[in-house]
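> Provided below: protein35.cif, containing mmCIF, C-alpha atoms.
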data_upload
#
loop_
_atom_site.group_PDB
_atom_site.id
_atom_site.type_symbol
_atom_site.label_atom_id
_atom_site.label_comp_id
_atom_site.auth_asym_id
_atom_site.auth_seq_id
_atom_site.Cartn_x
_atom_site.Cartn_y
_atom_site.Cartn_z
ATOM 1 C CA MET A 1 45.627 -26.224 -88.565
ATOM 2 C CA LEU A 2 42.208 -24.826 -87.789
ATOM 3 C CA THR A 3 41.820 -22.290 -84.958
ATOM 4 C CA ASP A 4 38.627 -21.926 -82.999
ATOM 5 C CA THR A 5 37.856 -18.214 -82.904
ATOM 6 C CA SER A 6 34.430 -18.475 -81.355
ATOM 7 C CA THR A 7 35.690 -17.216 -78.008
ATOM 8 C CA SER A 8 38.227 -14.702 -79.239
ATOM 9 C CA ARG A 9 35.780 -12.367 -80.980
ATOM 10 C CA PRO A 10 32.246 -11.637 -79.886
ATOM 11 C CA THR A 11 29.526 -12.472 -82.313
ATOM 12 C CA THR A 12 26.665 -10.228 -83.172
ATOM 13 C CA HIS A 13 24.547 -11.929 -80.521
ATOM 14 C CA ASP A 14 27.273 -11.567 -77.887
ATOM 15 C CA ARG A 15 27.924 -7.881 -78.458
ATOM 16 C CA PRO A 16 26.162 -5.602 -76.006
ATOM 17 C CA THR A 17 23.189 -3.837 -77.458
ATOM 18 C CA THR A 18 22.257 -0.267 -76.835
ATOM 19 C CA HIS A 19 20.081 -1.408 -73.930
ATOM 20 C CA ASP A 20 22.879 -3.459 -72.397
ATOM 21 C CA ARG A 21 25.537 -0.754 -72.529
ATOM 22 C CA PRO A 22 26.026 1.244 -69.329
ATOM 23 C CA THR A 23 24.318 4.590 -69.495
ATOM 24 C CA THR A 24 25.588 7.821 -68.022
ATOM 25 C CA HIS A 25 23.561 7.143 -64.883
ATOM 26 C CA ASP A 26 25.023 3.636 -64.506
ATOM 27 C CA ARG A 27 28.638 4.699 -64.851
ATOM 28 C CA PRO A 28 30.529 5.290 -61.642
ATOM 29 C CA THR A 29 30.863 8.932 -60.721
ATOM 30 C CA THR A 30 34.127 10.590 -59.868
ATOM 31 C CA HIS A 31 33.476 10.174 -56.127
ATOM 32 C CA ASP A 32 32.354 6.538 -56.405
ATOM 33 C CA ARG A 33 35.237 5.311 -58.545
ATOM 34 C CA PRO A 34 37.953 3.342 -56.827
ATOM 35 C CA THR A 35 41.081 5.333 -56.155
ATOM 36 C CA THR A 36 44.513 4.242 -57.386
ATOM 37 C CA SER A 37 45.065 2.574 -54.026
ATOM 38 C CA GLY A 38 42.023 0.348 -54.520
ATOM 39 C CA ARG A 39 39.873 2.116 -51.891
ATOM 40 C CA ARG A 40 36.487 3.488 -52.851
ATOM 41 C CA ARG A 41 36.122 7.195 -52.232
ATOM 42 C CA HIS A 42 32.984 8.568 -50.646
ATOM 43 C CA ASP A 43 30.953 11.510 -51.743
ATOM 44 C CA ASP A 44 32.103 13.343 -48.616
ATOM 45 C CA ALA A 45 35.826 12.928 -49.391
ATOM 46 C CA PRO A 46 36.792 16.075 -51.324
ATOM 47 C CA ASP A 47 40.114 16.589 -53.056
ATOM 48 C CA THR A 48 41.913 18.989 -50.735
ATOM 49 C CA MET A 49 45.538 17.924 -51.127
ATOM 50 C CA ALA A 50 46.472 21.308 -52.560
ATOM 51 C CA LEU A 51 44.932 23.038 -49.542
ATOM 52 C CA PHE A 52 46.807 20.767 -47.119
ATOM 53 C CA ALA A 53 50.089 21.429 -48.962
ATOM 54 C CA ARG A 54 49.424 25.142 -48.670
ATOM 55 C CA LEU A 55 48.464 24.807 -44.989
ATOM 56 C CA ALA A 56 51.733 23.041 -44.211
ATOM 57 C CA GLY A 57 53.698 26.017 -45.523
ATOM 58 C CA LEU A 58 51.836 28.684 -43.559
ATOM 59 C CA ALA A 59 52.866 30.069 -40.192
ATOM 60 C CA GLU A 60 50.425 30.707 -37.385
ATOM 61 C CA GLY A 61 48.164 33.597 -38.214
ATOM 62 C CA PRO A 62 44.816 34.682 -39.629
ATOM 63 C CA GLU A 63 45.508 33.255 -43.085
ATOM 64 C CA ARG A 64 46.320 29.818 -41.695
ATOM 65 C CA ASP A 65 43.267 29.882 -39.415
ATOM 66 C CA ALA A 66 41.003 30.746 -42.350
ATOM 67 C CA LEU A 67 42.455 27.921 -44.467
ATOM 68 C CA ARG A 68 42.082 25.498 -41.539
ATOM 69 C CA ASP A 69 38.424 26.481 -41.161
ATOM 70 C CA GLU A 70 37.917 25.884 -44.880
ATOM 71 C CA LEU A 71 39.319 22.359 -44.558
ATOM 72 C CA VAL A 72 37.132 21.649 -41.525
ATOM 73 C CA THR A 73 34.057 22.749 -43.440
ATOM 74 C CA ALA A 74 35.008 20.609 -46.441
ATOM 75 C CA TRP A 75 35.514 17.434 -44.382
ATOM 76 C CA LEU A 76 32.761 17.943 -41.811
ATOM 77 C CA PRO A 77 30.221 15.762 -43.721
ATOM 78 C CA MET A 78 32.631 12.822 -43.398
ATOM 79 C CA ALA A 79 32.925 13.412 -39.651
ATOM 80 C CA HIS A 80 29.128 13.444 -39.376
ATOM 81 C CA ARG A 81 28.934 10.182 -41.325
ATOM 82 C CA ILE A 82 31.351 8.515 -38.908
ATOM 83 C CA ALA A 83 29.392 9.850 -35.932
ATOM 84 C CA GLY A 84 26.227 8.326 -37.399
ATOM 85 C CA ARG A 85 27.724 4.852 -37.048
ATOM 86 C CA PHE A 86 27.499 5.187 -33.267
ATOM 87 C CA ARG A 87 23.897 6.357 -33.018
ATOM 88 C CA ASP A 88 21.423 4.527 -30.757
ATOM 89 C CA ARG A 89 24.083 3.783 -28.133
ATOM 90 C CA GLY A 90 22.785 6.101 -25.444
ATOM 91 C CA GLU A 91 24.274 9.355 -26.746
ATOM 92 C CA SER A 92 22.508 11.979 -28.846
ATOM 93 C CA LEU A 93 23.567 12.294 -32.482
ATOM 94 C CA GLU A 94 24.266 16.000 -32.042
ATOM 95 C CA ASP A 95 26.762 15.315 -29.240
ATOM 96 C CA LEU A 96 28.391 12.566 -31.296
ATOM 97 C CA ARG A 97 28.785 14.960 -34.205
ATOM 98 C CA GLN A 98 30.494 17.469 -31.945
ATOM 99 C CA VAL A 99 32.920 14.806 -30.716
ATOM 100 C CA ALA A 100 33.592 13.720 -34.305
ATOM 101 C CA ALA A 101 34.188 17.350 -35.325
ATOM 102 C CA LEU A 102 36.750 17.643 -32.533
ATOM 103 C CA GLY A 103 38.489 14.543 -33.894
ATOM 104 C CA LEU A 104 38.437 16.087 -37.370
ATOM 105 C CA VAL A 105 40.163 19.237 -36.101
ATOM 106 C CA LYS A 106 42.844 17.096 -34.431
ATOM 107 C CA ALA A 107 43.329 15.133 -37.660
ATOM 108 C CA ILE A 108 43.731 18.320 -39.713
ATOM 109 C CA ASP A 109 46.245 19.765 -37.242
ATOM 110 C CA ARG A 110 48.369 16.599 -37.195
ATOM 111 C CA PHE A 111 48.130 15.554 -40.843
ATOM 112 C CA GLU A 112 51.311 15.546 -42.937
ATOM 113 C CA PRO A 113 50.485 15.707 -46.689
ATOM 114 C CA GLU A 114 53.588 13.748 -47.699
ATOM 115 C CA ARG A 115 52.328 10.735 -45.725
ATOM 116 C CA GLY A 116 49.407 9.962 -48.075
ATOM 117 C CA ALA A 117 45.663 10.605 -48.376
ATOM 118 C CA PHE A 118 43.984 12.606 -45.630
ATOM 119 C CA GLU A 119 40.951 10.299 -45.501
ATOM 120 C CA SER A 120 43.142 7.319 -44.576
ATOM 121 C CA TYR A 121 44.465 9.282 -41.619
ATOM 122 C CA ALA A 122 41.282 11.089 -40.592
ATOM 123 C CA VAL A 123 38.886 8.120 -40.417
ATOM 124 C CA PRO A 124 40.724 6.209 -37.643
ATOM 125 C CA THR A 125 41.485 9.465 -35.826
ATOM 126 C CA ILE A 126 37.836 10.535 -35.741
ATOM 127 C CA THR A 127 36.615 7.016 -34.949
ATOM 128 C CA GLY A 128 39.071 6.769 -32.059
ATOM 129 C CA GLU A 129 37.886 10.104 -30.683
ATOM 130 C CA VAL A 130 34.263 8.932 -30.671
ATOM 131 C CA LYS A 131 35.197 5.626 -29.030
ATOM 132 C CA ARG A 132 37.171 7.446 -26.331
ATOM 133 C CA HIS A 133 34.111 9.568 -25.688
ATOM 134 C CA PHE A 134 32.071 6.441 -24.981
ATOM 135 C CA ARG A 135 34.863 4.990 -22.865
ATOM 136 C CA ASP A 136 35.506 8.048 -20.708
ATOM 137 C CA ARG A 137 32.220 9.964 -20.639
ATOM 138 C CA MET A 138 29.310 7.574 -21.045
ATOM 139 C CA TRP A 139 29.795 5.255 -18.073
ATOM 140 C CA ALA A 140 27.323 5.947 -15.284
ATOM 141 C CA LEU A 141 29.836 4.399 -12.860
ATOM 142 C CA ARG A 142 33.548 5.034 -13.055
ATOM 143 C CA VAL A 143 35.076 1.725 -14.104
ATOM 144 C CA PRO A 144 38.844 1.073 -14.328
ATOM 145 C CA ARG A 145 40.337 0.788 -17.803
ATOM 146 C CA ARG A 146 41.238 -2.875 -17.254
ATOM 147 C CA VAL A 147 37.633 -3.728 -16.398
ATOM 148 C CA GLN A 148 36.389 -1.856 -19.463
ATOM 149 C CA GLU A 149 38.691 -3.958 -21.652
ATOM 150 C CA LEU A 150 37.404 -7.153 -20.016
ATOM 151 C CA ARG A 151 33.855 -5.978 -20.682
ATOM 152 C CA ASN A 152 34.598 -5.427 -24.366
ATOM 153 C CA LYS A 153 36.223 -8.859 -24.741
ATOM 154 C CA VAL A 154 33.314 -10.592 -23.035
ATOM 155 C CA ARG A 155 30.759 -8.632 -25.072
ATOM 156 C CA VAL A 156 32.417 -9.543 -28.385
ATOM 157 C CA ALA A 157 32.842 -13.193 -27.361
ATOM 158 C CA ARG A 158 29.201 -13.490 -26.333
ATOM 159 C CA ARG A 159 28.086 -12.016 -29.645
ATOM 160 C CA GLU A 160 30.304 -14.411 -31.599
ATOM 161 C CA LEU A 161 29.089 -17.453 -29.665
ATOM 162 C CA THR A 162 25.411 -16.578 -30.140
ATOM 163 C CA GLN A 163 25.482 -15.359 -33.743
ATOM 164 C CA ASN A 164 24.071 -18.636 -35.066
ATOM 165 C CA PRO A 165 20.286 -19.063 -34.657
ATOM 166 C CA GLY A 166 19.394 -21.348 -31.783
ATOM 167 C CA SER A 167 22.759 -20.989 -30.061
ATOM 168 C CA PRO A 168 22.410 -21.257 -26.254
ATOM 169 C CA GLU A 169 23.538 -18.466 -23.973
ATOM 170 C CA PRO A 170 27.244 -19.105 -23.297
ATOM 171 C CA THR A 171 28.309 -19.862 -19.748
ATOM 172 C CA PRO A 172 31.249 -18.125 -18.067
ATOM 173 C CA ALA A 173 33.286 -21.259 -18.773
ATOM 174 C CA ASP A 174 32.420 -21.041 -22.492
ATOM 175 C CA LEU A 175 33.371 -17.364 -22.587
ATOM 176 C CA ALA A 176 36.620 -18.072 -20.754
ATOM 177 C CA ALA A 177 37.562 -20.798 -23.233
ATOM 178 C CA HIS A 178 36.700 -18.545 -26.189
ATOM 179 C CA THR A 179 38.608 -15.486 -24.952
ATOM 180 C CA GLY A 180 41.502 -17.102 -23.107
ATOM 181 C CA LEU A 181 40.480 -15.298 -19.917
ATOM 182 C CA THR A 182 39.929 -16.847 -16.513
ATOM 183 C CA GLU A 183 36.386 -17.407 -15.299
ATOM 184 C CA GLU A 184 36.947 -14.758 -12.627
ATOM 185 C CA GLU A 185 37.917 -12.222 -15.307
ATOM 186 C CA VAL A 186 34.868 -13.216 -17.353
ATOM 187 C CA THR A 187 32.642 -12.688 -14.316
ATOM 188 C CA THR A 188 34.160 -9.223 -13.819
ATOM 189 C CA GLY A 189 33.494 -8.408 -17.470
ATOM 190 C CA LEU A 190 29.892 -9.612 -17.214
ATOM 191 C CA GLU A 191 29.323 -7.440 -14.161
ATOM 192 C CA ALA A 192 30.767 -4.457 -16.029
ATOM 193 C CA LEU A 193 28.244 -5.021 -18.825
ATOM 194 C CA GLU A 194 25.555 -3.962 -16.365
ATOM 195 C CA SER A 195 27.489 -0.908 -15.136
ATOM 196 C CA PHE A 196 27.357 1.202 -18.300
ATOM 197 C CA SER A 197 24.026 2.693 -17.234
ATOM 198 C CA THR A 198 22.234 2.874 -13.900
ATOM 199 C CA LEU A 199 18.660 2.881 -12.700
ATOM 200 C CA SER A 200 17.094 5.940 -11.137
ATOM 201 C CA LEU A 201 16.026 5.603 -7.512
ATOM 202 C CA ASP A 202 12.547 6.494 -8.761
ATOM 203 C CA ALA A 203 12.493 3.559 -11.201
ATOM 204 C CA GLU A 204 9.388 1.410 -10.710
ATOM 205 C CA LEU A 205 10.216 -2.193 -9.824
ATOM 206 C CA SER A 206 6.643 -3.464 -9.704
ATOM 207 C CA ALA A 207 3.590 -2.682 -11.803
ATOM 208 C CA GLY A 208 0.091 -2.167 -10.500
ATOM 209 C CA ASP A 209 -1.382 -0.345 -7.560
ATOM 210 C CA ASP A 210 1.117 -1.869 -5.133
ATOM 211 C CA GLY A 211 4.097 -0.817 -7.232
ATOM 212 C CA TYR A 212 7.223 0.370 -5.480
ATOM 213 C CA SER A 213 10.382 2.123 -6.580
ATOM 214 C CA LEU A 214 14.026 1.236 -6.115
ATOM 215 C CA ALA A 215 14.298 3.822 -3.332
ATOM 216 C CA ASP A 216 11.630 1.912 -1.378
ATOM 217 C CA THR A 217 13.931 -1.110 -1.140
ATOM 218 C CA LEU A 218 16.794 0.834 0.463
ATOM 219 C CA GLY A 219 17.225 0.705 4.207
ATOM 220 C CA GLY A 220 17.221 3.753 6.465
ATOM 221 C CA PRO A 221 19.183 4.671 9.593
ATOM 222 C CA ASP A 222 18.320 2.511 12.594
ATOM 223 C CA ALA A 223 17.992 4.470 15.827
ATOM 224 C CA SER A 224 18.549 1.292 17.824
ATOM 225 C CA TYR A 225 22.273 1.444 17.070
ATOM 226 C CA ASP A 226 22.465 4.818 18.831
ATOM 227 C CA VAL A 227 20.673 3.358 21.847
ATOM 228 C CA VAL A 228 23.221 0.534 22.062
ATOM 229 C CA VAL A 229 26.108 2.993 21.881
ATOM 230 C CA ASP A 230 24.581 5.212 24.557
ATOM 231 C CA ARG A 231 23.958 2.257 26.899
ATOM 232 C CA GLU A 232 27.501 0.994 26.534
ATOM 233 C CA SER A 233 28.858 4.500 27.151
ATOM 234 C CA ALA A 234 26.784 4.920 30.313
ATOM 235 C CA LYS A 235 27.401 1.414 31.679
ATOM 236 C CA GLU A 236 30.662 2.160 33.538
ATOM 237 C CA GLY A 237 29.360 5.438 34.934
ATOM 238 C CA LEU A 238 26.246 3.725 36.318
ATOM 239 C CA ARG A 239 28.398 1.083 38.036
ATOM 240 C CA ARG A 240 30.359 3.777 39.842
ATOM 241 C CA LEU A 241 27.249 5.463 41.293
ATOM 242 C CA PRO A 242 26.304 4.909 44.961
ATOM 243 C CA GLU A 243 23.843 2.063 45.468
ATOM 244 C CA ARG A 244 20.947 4.320 46.467
ATOM 245 C CA GLU A 245 21.330 6.506 43.377
ATOM 246 C CA ARG A 246 21.469 3.416 41.142
ATOM 247 C CA ALA A 247 18.256 2.188 42.766
ATOM 248 C CA ILE A 248 16.545 5.521 42.192
ATOM 249 C CA LEU A 249 17.522 5.569 38.504
ATOM 250 C CA TYR A 250 16.366 1.961 38.098
ATOM 251 C CA MET A 251 12.973 2.652 39.667
ATOM 252 C CA ARG A 252 12.493 5.821 37.653
ATOM 253 C CA PHE A 253 13.629 4.719 34.199
ATOM 254 C CA PHE A 254 13.167 0.924 34.209
ATOM 255 C CA GLU A 255 10.145 0.469 36.471
ATOM 256 C CA ASP A 256 8.588 3.771 35.349
ATOM 257 C CA MET A 257 7.838 4.871 38.938
ATOM 258 C CA THR A 258 6.994 8.477 39.659
ATOM 259 C CA GLN A 259 9.243 10.599 41.832
ATOM 260 C CA SER A 260 6.514 10.681 44.519
ATOM 261 C CA ARG A 261 6.369 6.880 44.768
ATOM 262 C CA ILE A 262 10.177 6.661 44.877
ATOM 263 C CA ALA A 263 10.239 9.269 47.656
ATOM 264 C CA ASP A 264 7.608 7.364 49.670
ATOM 265 C CA GLN A 265 9.467 4.077 49.232
ATOM 266 C CA LEU A 266 12.834 5.544 50.316
ATOM 267 C CA GLY A 267 11.425 7.833 52.991
ATOM 268 C CA ILE A 268 12.805 11.031 51.499
ATOM 269 C CA SER A 269 11.244 14.090 49.893
ATOM 270 C CA GLN A 270 10.283 14.268 46.234
ATOM 271 C CA MET A 271 12.560 17.307 45.821
ATOM 272 C CA HIS A 272 15.468 15.247 47.120
ATOM 273 C CA VAL A 273 14.663 12.484 44.631
ATOM 274 C CA SER A 274 14.579 15.022 41.809
ATOM 275 C CA ARG A 275 17.997 16.440 42.790
ATOM 276 C CA LEU A 276 19.534 12.947 43.054
ATOM 277 C CA ILE A 277 18.213 11.980 39.617
ATOM 278 C CA SER A 278 19.554 15.192 38.014
ATOM 279 C CA ARG A 279 22.921 14.861 39.747
ATOM 280 C CA SER A 280 23.317 11.158 38.856
ATOM 281 C CA CYS A 281 22.403 11.678 35.180
ATOM 282 C CA ALA A 282 24.797 14.627 34.882
ATOM 283 C CA ARG A 283 27.620 12.589 36.462
ATOM 284 C CA VAL A 284 27.087 9.606 34.164
ATOM 285 C CA ARG A 285 26.857 11.876 31.103
ATOM 286 C CA ASP A 286 30.057 13.771 31.992
ATOM 287 C CA GLU A 287 31.991 10.537 32.562
ATOM 288 C CA ALA A 288 30.757 9.075 29.267
ATOM 289 C CA LEU A 289 31.800 12.197 27.351
ATOM 290 C CA ALA A 290 35.186 12.191 29.075
ATOM 291 C CA ASP A 291 35.748 8.548 28.123
ATOM 292 C CA ARG A 292 34.840 9.369 24.501
ATOM 293 C CA SER A 293 37.337 12.250 24.477
ATOM 294 C CA ARG A 294 40.086 10.026 25.847
ATOM 295 C CA ARG A 295 39.436 7.349 23.222
ATOM 296 C CA GLN A 296 39.433 9.941 20.465
ATOM 297 C CA ALA A 297 42.662 11.454 21.758
ATOM 298 C CA THR A 298 44.296 8.031 21.882
ATOM 299 C CA ALA A 299 43.278 7.359 18.297
ATOM 300 C CA ASP A 300 44.556 10.768 17.123
ATOM 301 C CA GLY A 301 47.752 10.649 19.212
ATOM 302 C CA THR A 302 46.981 13.953 20.950
ATOM 303 C CA PRO A 303 46.520 14.587 24.704
ATOM 304 C CA ALA A 304 42.912 14.564 25.871
ATOM 305 C CA ALA A 305 41.221 17.729 27.053
ATOM 306 C CA GLY A 306 41.925 18.338 30.716
ATOM 307 C CA ALA A 307 45.019 16.075 30.780
ATOM 308 C CA HIS A 308 48.078 17.533 32.499
ATOM 309 C CA GLU A 309 51.675 16.783 31.623
ATOM 310 C CA GLU A 310 53.899 15.687 34.441
#
Can you dump the structure from the file as structure tokens?

Amino acid sequence: MLTDTSTSRPTTHDRPTTHDRPTTHDRPTTHDRPTTSGRRRHDDAPDTMALFARLAGLAEGPERDALRDELVTAWLPMAHRIAGRFRDRGESLEDLRQVAALGLVKAIDRFEPERGAFESYAVPTITGEVKRHFRDRMWALRVPRRVQELRNKVRVARRELTQNPGSPEPTPADLAAHTGLTEEEVTTGLEALESFSTLSLDAELSAGDDGYSLADTLGGPDASYDVVVDRESAKEGLRRLPERERAILYMRFFEDMTQSRIADQLGISQMHVSRLISRSCARVRDEALADRSRRQATADGTPAAGAHEE
């Protein structure tokens, strides 16, 4: 029986030539080769298992602190690499590196060498620290945790629904169907998308010579409200005044008559008119302030000033 050996042994033409063989530069380096677990090591993942084993056996003291600092220095490039993934999200790279370094220190302090490779433990620890920084420190408005989670779900769903070219902007109903949320929850998440950062009051809302800022659109205090309050406070006191004094106040403040004209019309002296006006205004003011004190005392549950117990 004949056996076909054409595929079992390479021919001269099939054997790799000197040009085809991998050179020293093409071969994977020690850091790039896959580990025994199948994961590819990075250049910033040093072999420090011996140091971690030694650290685990040391008590608190200068020697342990020095060894801990050595491990932090060795793994700091990896922490910086993880921080770089979150650049261009509104936070400076230097601040992100500091947050990642803090996560690295936590990972070193909590790592147990018998559990496996340090990189497998450190990467999610550092990544989680950076994400918590964005969640807790980067919001311009304080948003509840539940709303932040809704925002993240809506953001991911919107990205998934628009990843194909030409896809229309999804409606709240589309997002609700995709995420399993209610349309009200989707609306809350969409509103939270706009709350991560805020506009300055000096932000220009219109270009050109007639431009205006956000502060220009805000209303100011209206003095008319104070006038309404004062009139209502004085209303009862004015009703209790004698008729002649009410007439004098009306002519003076509503008809804008001078004290001399009022005196001529009533047949009294100008000095008398002046005293009546001062006395009437003081009486109305005192009664209005007394009424305000009584209302405040009733609201607070305390006796008003000047009240006497029986």
> Please determine the residues with any atom at most 7 Å from (33.0, -9.2, -19.4) (coordinates as given in the file, with all atoms listed in the file counting) and report them as a list in words.
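So the residues meeting the distance criterion are Leu150, Arg151, Asn152, Lys153, Val154, Arg155, Val186, Thr187, Thr188, Gly189, Leu190, Glu191, Ala192 and Leu193 of chain A.
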> Can you tell me, as a PDB file with C-alpha atoms, in the frame of the given file, what residues are no more than 7 Å from Leu175 of chain A when counting all atoms listed in the file, ignoring any on the same chain fewer than 2 positions away?

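Below is the file result-v5.pdb, written as the result:
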ATOM      1  CA  VAL A 154      33.314 -10.592 -23.035  1.00  0.00           C
ATOM      2  CA  ALA A 157      32.842 -13.193 -27.361  1.00  0.00           C
ATOM      3  CA  ARG A 158      29.201 -13.490 -26.333  1.00  0.00           C
ATOM      4  CA  PRO A 170      27.244 -19.105 -23.297  1.00  0.00           C
ATOM      5  CA  THR A 171      28.309 -19.862 -19.748  1.00  0.00           C
ATOM      6  CA  PRO A 172      31.249 -18.125 -18.067  1.00  0.00           C
ATOM      7  CA  ALA A 173      33.286 -21.259 -18.773  1.00  0.00           C
ATOM      8  CA  ALA A 177      37.562 -20.798 -23.233  1.00  0.00           C
ATOM      9  CA  HIS A 178      36.700 -18.545 -26.189  1.00  0.00           C
ATOM     10  CA  THR A 179      38.608 -15.486 -24.952  1.00  0.00           C
ATOM     11  CA  VAL A 186      34.868 -13.216 -17.353  1.00  0.00           C
TER      12      VAL A 186
END
> Box in all listed atoms of segment 162-177 of chain A, axis-aligned, with 8 Å more on each side; write out centre and edge lengths in Å to one decimal as lines of an AutoDock Vina configuration file.

center_x = 28.5
center_y = -18.4
center_z = -26.6
size_x = 34.2
size_y = 22.0
size_z = 33.0
> Using all atoms listed in the file, which of A:Arg54, A:Glu255, A:Ala66, A:Gly211 sits nearest Glu112 of chain A?
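The shortest atom-to-atom distance to Glu112 of chain A comes from A:Arg54.
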> Mind giving me the straight-line distance from atom CA of Leu249 of chain A to atom CA of Arg295 of chain A in Å, one decimal?
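Between these atoms lies a distance of 26.8 Å.
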> Tell me, in Å to one decimal, how far atom CA of Val123 of chain A is from atom CA of Ala79 of chain A.
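Those two atoms sit 8.0 Å apart.
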> Just the number, please: distance in Å from atom CA of Asp202 of chain A to atom CA of Phe134 of chain A, one decimal.
25.4 Å
> Neighbouring residues of segment 288-292 of chain A were defined as those with any atom within 9 Å, considering all atoms listed in the file; residues of the same chain fewer than 3 positions away were excluded. Please report them as an mmCIF file with C-alpha atoms, keeping the file's coordinate frame.

data_model
loop_
_atom_site.group_PDB
_atom_site.id
_atom_site.type_symbol
_atom_site.label_atom_id
_atom_site.label_comp_id
_atom_site.auth_asym_id
_atom_site.auth_seq_id
_atom_site.Cartn_x
_atom_site.Cartn_y
_atom_site.Cartn_z
ATOM 1 C CA ASP A 230 24.581 5.212 24.557
ATOM 2 C CA SER A 233 28.858 4.500 27.151
ATOM 3 C CA ALA A 234 26.784 4.920 30.313
ATOM 4 C CA LYS A 235 27.401 1.414 31.679
ATOM 5 C CA GLU A 236 30.662 2.160 33.538
ATOM 6 C CA GLY A 237 29.360 5.438 34.934
ATOM 7 C CA ARG A 283 27.620 12.589 36.462
ATOM 8 C CA VAL A 284 27.087 9.606 34.164
ATOM 9 C CA ARG A 285 26.857 11.876 31.103
ATOM 10 C CA ARG A 295 39.436 7.349 23.222
ATOM 11 C CA GLN A 296 39.433 9.941 20.465
ATOM 12 C CA ALA A 297 42.662 11.454 21.758
ATOM 13 C CA ALA A 304 42.912 14.564 25.871
ATOM 14 C CA ALA A 305 41.221 17.729 27.053
#
> Name all residues at most 10 Å from Ala101 of chain A (count only C-alpha atoms; drop same-chain ones fewer than 5 positions away) and give them as a ChimeraX atom specification.
/A:72-73,75-80,82-83,95-96,106-107,126,129-130
> Pick from A:Gly220, A:Gly267, A:Pro242, A:Pro113: nearest to Ala53 of chain A, with only C-alpha atoms counted?
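For Ala53 of chain A, the nearest of the candidates is A:Pro113.
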> Given the file shown, determine the residues that the PyMOL selection byres ((chain A and resi 114-117) around 10) selects; report them as a ChimeraX atom specification.
/A:37,47-49,52-53,111-113,118-122
> So, with all atoms listed in the file as the atoms that count, which of A:Leu241, A:Ala299, A:Met257, A:Ile262 lies closest to Glu287 of chain A?
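With all atoms listed in the file as the atom set, the closest residue is A:Leu241.
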